[in-house]
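A quick write-up on the structure given underneath.
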Protein chains: 2
Amino acid sequence: MDQSHLLSFETLLSLHAVQVEQLLTELLSARTREGEVVRPERLLSAMRHGALNGGKRLRPFLVLETARLFDADGGAVLRVAAALECIHCYSLIHDDLPAMDDDDLRRGQPTVHRAFDEATAILAGDSLLTLAFDIIASEETELGAQAKVALISALARAAGVGGMAGGQALDLAAEKVRPDEGGIVQLQAMKTGALIRFACLAGALIGNATTAERESLTAFGEAIGLAFQLADDLLDVTATAEDLGKATGKDAAAGKGTLVALHGEEWARNQLRGLVAHAEELLAPFGEAAAVLKETARFIAFRNH
Amino acid sequence: MDQSHLLSFETLLSLHAVQVEQLLTELLSARTREGEVVRPERLLSAMRHGALNGGKRLRPFLVLETARLFDADGGAVLRVAAALECIHCYSLIHDDLPAMDDDDLRRGQPTVHRAFDEATAILAGDSLLTLAFDIIASEETELGAQAKVALISALARAAGVGGMAGGQALDLAAEKVRPDEGGIVQLQAMKTGALIRFACLAGALIGNATTAERESLTAFGEAIGLAFQLADDLLDVTATAEDLGKATGKDAAAGKGTLVALHGEEWARNQLRGLVAHAEELLAPFGEAAAVLKETARFIAFRNH
């Protein structure tokens, strides 16, 4: 059933988020899996604090909705979505550390190293990162071995030195030497773009998409990844801390170059309109089935929180 | 060719280490793989600093030698061995951080956070951890998809919250509340035992071993894992910093309970002899082909560095 005609987008997003959180809660229970000795309670609590914190679950949503284009749903898709969210949450825990962005609050709550301690936050991030690959490879994930290997390979590259982690390294370097426009685009494609791109590719890999379909969805992921970052940079300038549940104006304070700082808000809003139009074009081959994904692109570009 | 009759054990270990390091050097080159944007040079340098530092490469050696029991060798086995070493090196980088063990030296060289900075060390560890799964899943690793999934699943569980990372969390907690004997055994089975166990299991998974063979090798891995930790605790008491290239007497200084502290050096040496005998028994079904692995057990138990 296509739920998009029955529910508002934000309601649909919340319903998916509840499903993802239920699964994450189960995956972060004390129950050990074969090959594990014991799951230390304090470390597990820190992992839960970092993963069950009321995020929008946008990346899992993209996995679920792109997989749905190929009539793939059910437990395996949800597990891949949860694995991706583990990677996203690990990155937030580590990015918040004193040695990195040094943030005390995340979504209005103390960050993991503030609620626990630095060592536990580092290990909680490490463990969520590791768990992501465990979840996909697990026998409980009912996918063929080839699909699992393709997903793990793509996810590792999106998250690693040539993707998200590399992007965070470039972001730290950008506080010292401001990158040029090409450098900013590259940094953002890695730091935030790579996981969003993977989220859209994942649905295609799960759904045994054709090469053309996979390429369309990857390009769609890249377009909405750019839109996500541009909207984020715009919100950093225009929104209040209350809207976002975190400090604003941090980019400017850190002397970080953003495209919004380079070209202005009006330019950014025009770019966002262009990116959304491009994203919608890329979905044209999927017809009416892609209605929710089109709405997702608009949500990402024009959200105010 | 069975090299064990031609070369001393330490020479054989070094020859394997050279192979692993050559592959790690290639894997840590700036060349991007499909799905990567760019590999930032400073982050790559930190990863190399942490991974190409002259370790004994004992875990990769165990992968290579257990796989050899099943006539499995060549590039794929070496890649799995290198992936495991990436996990080991990531754990050392993070364990050395100021928030954890706060070590300035590792094998006589500055630790990654001293040679670079804390943020870069955190990201270098994250990236090596992620790279491990990338390496196994990669198309360049010529193994069947099912073997890859089995390896990734076992490796993730050995490294994660119920394995090595969980063990490090228990180790940090042990500085505050000294665990009892059962607690120490559990902590060590996780912190150092899990990866050594995986190293021996990996050869069986690559080599399509029977269930009985896989169980023997897993039990062998557990026995030498115990021996490794016991020998380490003994060296912490008896060796000099010069022998080890790192500070000694740290366990006692940190108030950490070890089995050597509980039962004494004589007991520990007896235990080591018993563990080696048990490890050799477990290898009996493999006959003469397991000669090198038997020697490995003796090396691990009776090494002086």
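Within each chain, counting starts at residue 1; across the structure tokens, chains are named A, B, ... in the order shown, with ligands numbered 1 upward in that order.
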As a PDB file with N, CA, C and O atoms, in the first residue's frame, could you give me every residue of chain A near chain B (at most 7 Å apart, counting only C-alpha atoms)?
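File written: part-v7.pdb
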ATOM      1  N   THR A  32      23.563 -11.490  24.140  1.00  0.00           N
ATOM      2  CA  THR A  32      24.750 -11.706  23.315  1.00  0.00           C
ATOM      3  C   THR A  32      24.398 -12.573  22.113  1.00  0.00           C
ATOM      4  O   THR A  32      23.497 -13.405  22.171  1.00  0.00           O
ATOM      5  N   GLY A  35      29.403 -15.899  19.334  1.00  0.00           N
ATOM      6  CA  GLY A  35      30.721 -15.296  19.108  1.00  0.00           C
ATOM      7  C   GLY A  35      31.001 -14.132  20.038  1.00  0.00           C
ATOM      8  O   GLY A  35      32.104 -13.589  20.039  1.00  0.00           O
ATOM      9  N   GLU A  36      29.995 -13.727  20.828  1.00  0.00           N
ATOM     10  CA  GLU A  36      30.199 -12.660  21.812  1.00  0.00           C
ATOM     11  C   GLU A  36      30.330 -13.271  23.205  1.00  0.00           C
ATOM     12  O   GLU A  36      29.739 -14.319  23.477  1.00  0.00           O
ATOM     13  N   VAL A  37      31.064 -12.602  24.086  1.00  0.00           N
ATOM     14  CA  VAL A  37      31.252 -13.104  25.454  1.00  0.00           C
ATOM     15  C   VAL A  37      30.189 -12.498  26.358  1.00  0.00           C
ATOM     16  O   VAL A  37      29.320 -13.183  26.888  1.00  0.00           O
ATOM     17  N   VAL A  38      30.241 -11.188  26.528  1.00  0.00           N
ATOM     18  CA  VAL A  38      29.255 -10.481  27.343  1.00  0.00           C
ATOM     19  C   VAL A  38      29.243  -9.040  26.843  1.00  0.00           C
ATOM     20  O   VAL A  38      30.243  -8.558  26.293  1.00  0.00           O
ATOM     21  N   ARG A  39      28.109  -8.376  26.987  1.00  0.00           N
ATOM     22  CA  ARG A  39      28.023  -6.977  26.568  1.00  0.00           C
ATOM     23  C   ARG A  39      28.025  -6.109  27.823  1.00  0.00           C
ATOM     24  O   ARG A  39      27.007  -6.053  28.527  1.00  0.00           O
ATOM     25  N   PRO A  40      29.116  -5.409  28.108  1.00  0.00           N
ATOM     26  CA  PRO A  40      29.201  -4.630  29.347  1.00  0.00           C
ATOM     27  C   PRO A  40      28.105  -3.560  29.421  1.00  0.00           C
ATOM     28  O   PRO A  40      27.906  -2.808  28.463  1.00  0.00           O
ATOM     29  N   LEU A  43      28.863   0.310  28.754  1.00  0.00           N
ATOM     30  CA  LEU A  43      29.150   0.574  27.344  1.00  0.00           C
ATOM     31  C   LEU A  43      27.883   0.497  26.505  1.00  0.00           C
ATOM     32  O   LEU A  43      27.627   1.356  25.652  1.00  0.00           O
ATOM     33  N   ALA A  99      38.152  16.527  21.559  1.00  0.00           N
ATOM     34  CA  ALA A  99      39.238  16.670  20.576  1.00  0.00           C
ATOM     35  C   ALA A  99      38.727  17.036  19.189  1.00  0.00           C
ATOM     36  O   ALA A  99      39.507  17.485  18.345  1.00  0.00           O
ATOM     37  N   MET A 100      37.431  16.854  18.964  1.00  0.00           N
ATOM     38  CA  MET A 100      36.838  17.186  17.653  1.00  0.00           C
ATOM     39  C   MET A 100      36.035  18.488  17.776  1.00  0.00           C
ATOM     40  O   MET A 100      36.614  19.526  17.994  1.00  0.00           O
ATOM     41  N   GLU A 118      34.790  10.395  28.350  1.00  0.00           N
ATOM     42  CA  GLU A 118      35.394  10.367  27.011  1.00  0.00           C
ATOM     43  C   GLU A 118      35.738   8.965  26.539  1.00  0.00           C
ATOM     44  O   GLU A 118      35.477   8.601  25.398  1.00  0.00           O
ATOM     45  N   ALA A 119      36.355   8.186  27.420  1.00  0.00           N
ATOM     46  CA  ALA A 119      36.768   6.835  27.017  1.00  0.00           C
ATOM     47  C   ALA A 119      35.550   6.020  26.593  1.00  0.00           C
ATOM     48  O   ALA A 119      35.576   5.329  25.559  1.00  0.00           O
ATOM     49  N   THR A 120      34.488   6.120  27.380  1.00  0.00           N
ATOM     50  CA  THR A 120      33.280   5.362  27.067  1.00  0.00           C
ATOM     51  C   THR A 120      32.658   5.852  25.759  1.00  0.00           C
ATOM     52  O   THR A 120      32.137   5.048  24.972  1.00  0.00           O
ATOM     53  N   LEU A 123      34.663   4.359  22.890  1.00  0.00           N
ATOM     54  CA  LEU A 123      34.345   2.935  22.724  1.00  0.00           C
ATOM     55  C   LEU A 123      32.914   2.721  22.236  1.00  0.00           C
ATOM     56  O   LEU A 123      32.646   1.780  21.483  1.00  0.00           O
ATOM     57  N   ASP A 126      33.099   3.341  18.535  1.00  0.00           N
ATOM     58  CA  ASP A 126      33.765   2.186  17.920  1.00  0.00           C
ATOM     59  C   ASP A 126      32.814   0.992  17.828  1.00  0.00           C
ATOM     60  O   ASP A 126      32.773   0.283  16.812  1.00  0.00           O
ATOM     61  N   SER A 127      32.073   0.777  18.909  1.00  0.00           N
ATOM     62  CA  SER A 127      31.207  -0.406  18.978  1.00  0.00           C
ATOM     63  C   SER A 127      29.991  -0.277  18.062  1.00  0.00           C
ATOM     64  O   SER A 127      29.545  -1.268  17.480  1.00  0.00           O
ATOM     65  N   THR A 130      31.281  -0.930  14.544  1.00  0.00           N
ATOM     66  CA  THR A 130      31.496  -2.363  14.351  1.00  0.00           C
ATOM     67  C   THR A 130      30.170  -3.102  14.234  1.00  0.00           C
ATOM     68  O   THR A 130      30.011  -4.008  13.401  1.00  0.00           O
ATOM     69  N   LEU A 131      29.208  -2.699  15.086  1.00  0.00           N
ATOM     70  CA  LEU A 131      27.896  -3.357  15.086  1.00  0.00           C
ATOM     71  C   LEU A 131      27.200  -3.235  13.730  1.00  0.00           C
ATOM     72  O   LEU A 131      26.481  -4.146  13.310  1.00  0.00           O
ATOM     73  N   PHE A 133      28.353  -3.465  10.761  1.00  0.00           N
ATOM     74  CA  PHE A 133      28.755  -4.536   9.845  1.00  0.00           C
ATOM     75  C   PHE A 133      28.273  -5.888  10.356  1.00  0.00           C
ATOM     76  O   PHE A 133      27.901  -6.768   9.570  1.00  0.00           O
ATOM     77  N   ASP A 134      28.262  -6.050  11.674  1.00  0.00           N
ATOM     78  CA  ASP A 134      27.709  -7.251  12.301  1.00  0.00           C
ATOM     79  C   ASP A 134      26.253  -7.435  11.876  1.00  0.00           C
ATOM     80  O   ASP A 134      25.840  -8.531  11.474  1.00  0.00           O
ATOM     81  N   ALA A 137      25.905  -8.495   8.171  1.00  0.00           N
ATOM     82  CA  ALA A 137      26.446  -9.831   7.893  1.00  0.00           C
ATOM     83  C   ALA A 137      25.676 -10.938   8.620  1.00  0.00           C
ATOM     84  O   ALA A 137      25.702 -12.094   8.198  1.00  0.00           O
ATOM     85  N   SER A 138      24.964 -10.563   9.681  1.00  0.00           N
ATOM     86  CA  SER A 138      24.303 -11.556  10.535  1.00  0.00           C
ATOM     87  C   SER A 138      23.361 -12.485   9.773  1.00  0.00           C
ATOM     88  O   SER A 138      22.699 -12.092   8.814  1.00  0.00           O
ATOM     89  N   ALA A 145      24.055 -13.708   0.185  1.00  0.00           N
ATOM     90  CA  ALA A 145      25.419 -13.340   0.570  1.00  0.00           C
ATOM     91  C   ALA A 145      25.986 -12.280  -0.371  1.00  0.00           C
ATOM     92  O   ALA A 145      26.708 -11.368   0.067  1.00  0.00           O
ATOM     93  N   GLN A 146      25.671 -12.352  -1.645  1.00  0.00           N
ATOM     94  CA  GLN A 146      26.217 -11.364  -2.586  1.00  0.00           C
ATOM     95  C   GLN A 146      25.676  -9.967  -2.290  1.00  0.00           C
ATOM     96  O   GLN A 146      26.423  -8.986  -2.359  1.00  0.00           O
ATOM     97  N   VAL A 149      27.482  -8.633   0.797  1.00  0.00           N
ATOM     98  CA  VAL A 149      28.852  -8.200   0.508  1.00  0.00           C
ATOM     99  C   VAL A 149      28.837  -6.859  -0.225  1.00  0.00           C
ATOM    100  O   VAL A 149      29.630  -5.959   0.090  1.00  0.00           O
ATOM    101  N   ILE A 152      27.990  -4.166   2.357  1.00  0.00           N
ATOM    102  CA  ILE A 152      29.088  -3.921   3.297  1.00  0.00           C
ATOM    103  C   ILE A 152      30.217  -3.160   2.609  1.00  0.00           C
ATOM    104  O   ILE A 152      30.782  -2.215   3.171  1.00  0.00           O
ATOM    105  N   SER A 153      30.530  -3.549   1.383  1.00  0.00           N
ATOM    106  CA  SER A 153      31.593  -2.858   0.649  1.00  0.00           C
ATOM    107  C   SER A 153      31.229  -1.390   0.432  1.00  0.00           C
ATOM    108  O   SER A 153      32.037  -0.485   0.708  1.00  0.00           O
ATOM    109  N   ALA A 154      30.014  -1.146  -0.033  1.00  0.00           N
ATOM    110  CA  ALA A 154      29.598   0.237  -0.304  1.00  0.00           C
ATOM    111  C   ALA A 154      29.530   1.051   0.986  1.00  0.00           C
ATOM    112  O   ALA A 154      29.928   2.228   1.017  1.00  0.00           O
ATOM    113  N   ALA A 156      31.242   0.531   3.827  1.00  0.00           N
ATOM    114  CA  ALA A 156      32.587   0.772   4.363  1.00  0.00           C
ATOM    115  C   ALA A 156      33.260   1.905   3.597  1.00  0.00           C
ATOM    116  O   ALA A 156      33.945   2.751   4.194  1.00  0.00           O
ATOM    117  N   ARG A 157      33.074   1.948   2.294  1.00  0.00           N
ATOM    118  CA  ARG A 157      33.700   3.024   1.524  1.00  0.00           C
ATOM    119  C   ARG A 157      33.043   4.369   1.775  1.00  0.00           C
ATOM    120  O   ARG A 157      33.705   5.406   1.784  1.00  0.00           O
ATOM    121  N   ALA A 158      31.724   4.352   1.996  1.00  0.00           N
ATOM    122  CA  ALA A 158      31.023   5.607   2.302  1.00  0.00           C
ATOM    123  C   ALA A 158      31.451   6.155   3.664  1.00  0.00           C
ATOM    124  O   ALA A 158      31.474   7.366   3.875  1.00  0.00           O
ATOM    125  N   GLY A 160      34.452   5.378   5.414  1.00  0.00           N
ATOM    126  CA  GLY A 160      35.869   5.320   5.754  1.00  0.00           C
ATOM    127  C   GLY A 160      36.705   6.515   5.331  1.00  0.00           C
ATOM    128  O   GLY A 160      36.208   7.637   5.171  1.00  0.00           O
ATOM    129  N   VAL A 161      38.005   6.261   5.153  1.00  0.00           N
ATOM    130  CA  VAL A 161      38.988   7.321   4.883  1.00  0.00           C
ATOM    131  C   VAL A 161      38.661   8.107   3.607  1.00  0.00           C
ATOM    132  O   VAL A 161      38.962   9.298   3.530  1.00  0.00           O
ATOM    133  N   GLY A 162      38.028   7.469   2.629  1.00  0.00           N
ATOM    134  CA  GLY A 162      37.675   8.162   1.389  1.00  0.00           C
ATOM    135  C   GLY A 162      36.236   8.645   1.393  1.00  0.00           C
ATOM    136  O   GLY A 162      35.720   9.098   0.368  1.00  0.00           O
ATOM    137  N   GLY A 163      35.586   8.574   2.568  1.00  0.00           N
ATOM    138  CA  GLY A 163      34.188   9.003   2.695  1.00  0.00           C
ATOM    139  C   GLY A 163      33.993   9.844   3.942  1.00  0.00           C
ATOM    140  O   GLY A 163      34.708  10.833   4.159  1.00  0.00           O
ATOM    141  N   ALA A 165      34.628   9.586   7.294  1.00  0.00           N
ATOM    142  CA  ALA A 165      35.728   9.861   8.236  1.00  0.00           C
ATOM    143  C   ALA A 165      36.754  10.794   7.596  1.00  0.00           C
ATOM    144  O   ALA A 165      37.260  11.720   8.251  1.00  0.00           O
ATOM    145  N   GLY A 166      37.048  10.563   6.322  1.00  0.00           N
ATOM    146  CA  GLY A 166      37.948  11.475   5.604  1.00  0.00           C
ATOM    147  C   GLY A 166      37.379  12.880   5.549  1.00  0.00           C
ATOM    148  O   GLY A 166      38.111  13.875   5.679  1.00  0.00           O
ATOM    149  N   ALA A 169      37.979  14.624   8.732  1.00  0.00           N
ATOM    150  CA  ALA A 169      39.382  15.069   8.803  1.00  0.00           C
ATOM    151  C   ALA A 169      39.566  16.362   8.005  1.00  0.00           C
ATOM    152  O   ALA A 169      40.244  17.294   8.458  1.00  0.00           O
ATOM    153  N   LEU A 170      38.964  16.431   6.820  1.00  0.00           N
ATOM    154  CA  LEU A 170      39.053  17.660   6.013  1.00  0.00           C
ATOM    155  C   LEU A 170      38.367  18.823   6.721  1.00  0.00           C
ATOM    156  O   LEU A 170      38.824  19.965   6.656  1.00  0.00           O
ATOM    157  N   MET A 190      31.924  14.271   1.115  1.00  0.00           N
ATOM    158  CA  MET A 190      32.436  13.180   1.946  1.00  0.00           C
ATOM    159  C   MET A 190      31.764  13.166   3.316  1.00  0.00           C
ATOM    160  O   MET A 190      31.222  12.157   3.751  1.00  0.00           O
TER     161      MET A 190
END
Once DSSP has gone over the backbone, tell me which residues of range 120-237 of chain B are in helix (DSSP H, G or I), as an NGL selection string.
:B and (120-137 or 145-159 or 164-174 or 181-206 or 211-237)
Once you have the residues from the selection above, write them out as a JSON list (two decimals), in the first residue's frame, restricted to C-alpha atoms.
[["chain", "number", "residue", "atom", "x", "y", "z"],
["B", 120, "THR", "CA", 43.42, 12.66, 13.87],
["B", 121, "ALA", "CA", 44.19, 9.62, 16.04],
["B", 122, "ILE", "CA", 40.48, 9.04, 16.70],
["B", 123, "LEU", "CA", 39.71, 9.30, 12.98],
["B", 124, "ALA", "CA", 42.69, 7.13, 12.00],
["B", 125, "GLY", "CA", 41.41, 4.41, 14.33],
["B", 126, "ASP", "CA", 37.86, 4.75, 13.00],
["B", 127, "SER", "CA", 39.15, 4.58, 9.43],
["B", 128, "LEU", "CA", 41.31, 1.49, 10.02],
["B", 129, "LEU", "CA", 38.36, -0.25, 11.67],
["B", 130, "THR", "CA", 36.15, 0.61, 8.70],
["B", 131, "LEU", "CA", 38.87, -0.34, 6.20],
["B", 132, "ALA", "CA", 39.06, -3.85, 7.66],
["B", 133, "PHE", "CA", 35.51, -4.61, 6.51],
["B", 134, "ASP", "CA", 36.11, -2.84, 3.19],
["B", 135, "ILE", "CA", 39.13, -5.10, 2.53],
["B", 136, "ILE", "CA", 37.28, -8.36, 3.15],
["B", 137, "ALA", "CA", 34.16, -7.32, 1.21],
["B", 145, "ALA", "CA", 30.40, -14.27, -0.94],
["B", 146, "GLN", "CA", 29.37, -16.74, 1.76],
["B", 147, "ALA", "CA", 32.92, -17.03, 3.10],
["B", 148, "LYS", "CA", 33.22, -13.23, 3.15],
["B", 149, "VAL", "CA", 29.97, -12.84, 5.07],
["B", 150, "ALA", "CA", 31.03, -15.51, 7.60],
["B", 151, "LEU", "CA", 34.39, -13.77, 8.08],
["B", 152, "ILE", "CA", 32.85, -10.31, 8.45],
["B", 153, "SER", "CA", 30.27, -11.56, 10.92],
["B", 154, "ALA", "CA", 32.85, -13.35, 13.07],
["B", 155, "LEU", "CA", 35.28, -10.42, 12.90],
["B", 156, "ALA", "CA", 32.63, -7.86, 13.86],
["B", 157, "ARG", "CA", 31.60, -9.92, 16.87],
["B", 158, "ALA", "CA", 35.21, -10.46, 17.95],
["B", 159, "ALA", "CA", 35.90, -6.72, 17.73],
["B", 164, "MET", "CA", 37.49, -6.52, 22.08],
["B", 165, "ALA", "CA", 35.82, -3.11, 22.52],
["B", 166, "GLY", "CA", 33.72, -4.48, 25.37],
["B", 167, "GLY", "CA", 36.90, -5.90, 26.90],
["B", 168, "GLN", "CA", 38.57, -2.50, 26.79],
["B", 169, "ALA", "CA", 35.52, -1.02, 28.54],
["B", 170, "LEU", "CA", 35.80, -3.68, 31.26],
["B", 171, "ASP", "CA", 39.53, -2.98, 31.52],
["B", 172, "LEU", "CA", 38.89, 0.72, 32.17],
["B", 173, "ALA", "CA", 36.27, -0.19, 34.79],
["B", 174, "ALA", "CA", 38.80, -2.55, 36.42],
["B", 181, "GLU", "CA", 39.25, -13.98, 39.14],
["B", 182, "GLY", "CA", 36.24, -14.81, 36.95],
["B", 183, "GLY", "CA", 36.00, -11.15, 35.97],
["B", 184, "ILE", "CA", 39.67, -11.02, 35.01],
["B", 185, "VAL", "CA", 39.37, -14.15, 32.86],
["B", 186, "GLN", "CA", 36.29, -12.74, 31.11],
["B", 187, "LEU", "CA", 37.89, -9.34, 30.56],
["B", 188, "GLN", "CA", 40.99, -10.92, 29.02],
["B", 189, "ALA", "CA", 38.98, -13.34, 26.86],
["B", 190, "MET", "CA", 37.37, -10.26, 25.36],
["B", 191, "LYS", "CA", 40.15, -7.67, 25.29],
["B", 192, "THR", "CA", 42.92, -9.80, 23.81],
["B", 193, "GLY", "CA", 41.40, -13.27, 23.41],
["B", 194, "ALA", "CA", 38.64, -12.47, 20.92],
["B", 195, "LEU", "CA", 40.89, -11.34, 18.05],
["B", 196, "ILE", "CA", 43.35, -14.21, 18.52],
["B", 197, "ARG", "CA", 40.44, -16.65, 18.53],
["B", 198, "PHE", "CA", 39.14, -15.02, 15.34],
["B", 199, "ALA", "CA", 42.59, -15.30, 13.71],
["B", 200, "CYS", "CA", 42.47, -19.09, 14.10],
["B", 201, "LEU", "CA", 38.80, -19.36, 13.15],
["B", 202, "ALA", "CA", 39.47, -17.27, 10.02],
["B", 203, "GLY", "CA", 41.75, -19.91, 8.52],
["B", 204, "ALA", "CA", 39.00, -22.49, 9.04],
["B", 205, "LEU", "CA", 36.35, -20.24, 7.45],
["B", 206, "ILE", "CA", 38.57, -19.50, 4.46],
["B", 211, "THR", "CA", 32.68, -28.36, 11.87],
["B", 212, "ALA", "CA", 35.05, -30.50, 13.95],
["B", 213, "GLU", "CA", 38.10, -28.81, 12.44],
["B", 214, "ARG", "CA", 36.60, -25.36, 12.97],
["B", 215, "GLU", "CA", 35.87, -26.19, 16.61],
["B", 216, "SER", "CA", 39.41, -27.51, 17.16],
["B", 217, "LEU", "CA", 40.94, -24.37, 15.72],
["B", 218, "THR", "CA", 38.62, -22.12, 17.70],
["B", 219, "ALA", "CA", 39.60, -23.95, 20.91],
["B", 220, "PHE", "CA", 43.25, -23.68, 19.84],
["B", 221, "GLY", "CA", 42.74, -19.93, 19.41],
["B", 222, "GLU", "CA", 41.21, -19.69, 22.88],
["B", 223, "ALA", "CA", 44.09, -21.60, 24.47],
["B", 224, "ILE", "CA", 46.81, -19.48, 22.86],
["B", 225, "GLY", "CA", 44.79, -16.34, 23.60],
["B", 226, "LEU", "CA", 44.90, -17.21, 27.30],
["B", 227, "ALA", "CA", 48.61, -17.99, 26.99],
["B", 228, "PHE", "CA", 49.23, -14.70, 25.20],
["B", 229, "GLN", "CA", 47.65, -12.68, 28.01],
["B", 230, "LEU", "CA", 49.31, -14.66, 30.77],
["B", 231, "ALA", "CA", 52.71, -14.26, 29.09],
["B", 232, "ASP", "CA", 51.99, -10.54, 28.70],
["B", 233, "ASP", "CA", 51.12, -10.15, 32.38],
["B", 234, "LEU", "CA", 54.26, -12.08, 33.28],
["B", 235, "LEU", "CA", 56.41, -9.85, 31.05],
["B", 236, "ASP", "CA", 54.84, -6.76, 32.63],
["B", 237, "VAL", "CA", 56.32, -7.99, 35.92]]
Give me, as a list in words, all polymer residues having an atom no more than 12 Å from Val292 in chain B, counting only C-alpha atoms and skipping those fewer than 5 positions away in the same chain.
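Listing them by chain and then by number gives Asp2, Gln3, Ser4, His5, Leu6, Leu7, Ser8, Phe9, Glu10, Thr11, Leu12, Leu13, Phe61, Leu62, Leu64, Glu65, Thr66, Arg68, Leu69, Glu280, Leu283, Phe286, Gly287, Ala297, Arg298 and Phe299 of chain B.
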Report, in Å to a single decimal, how far apart CA of Phe70 in chain A and CA of Gly207 in chain A are.
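Those two atoms sit 5.2 Å apart.
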Taking only range 78-116 of chain B into account, list the residues labelled strand (DSSP E or B) by DSSP (computed from the backbone), as a PyMOL selection string.
chain B and resi 105-106+109-110
Any idea what the distance is between CA of Asn53 in chain B and CA of Glu295 in chain B?
24.5 Å
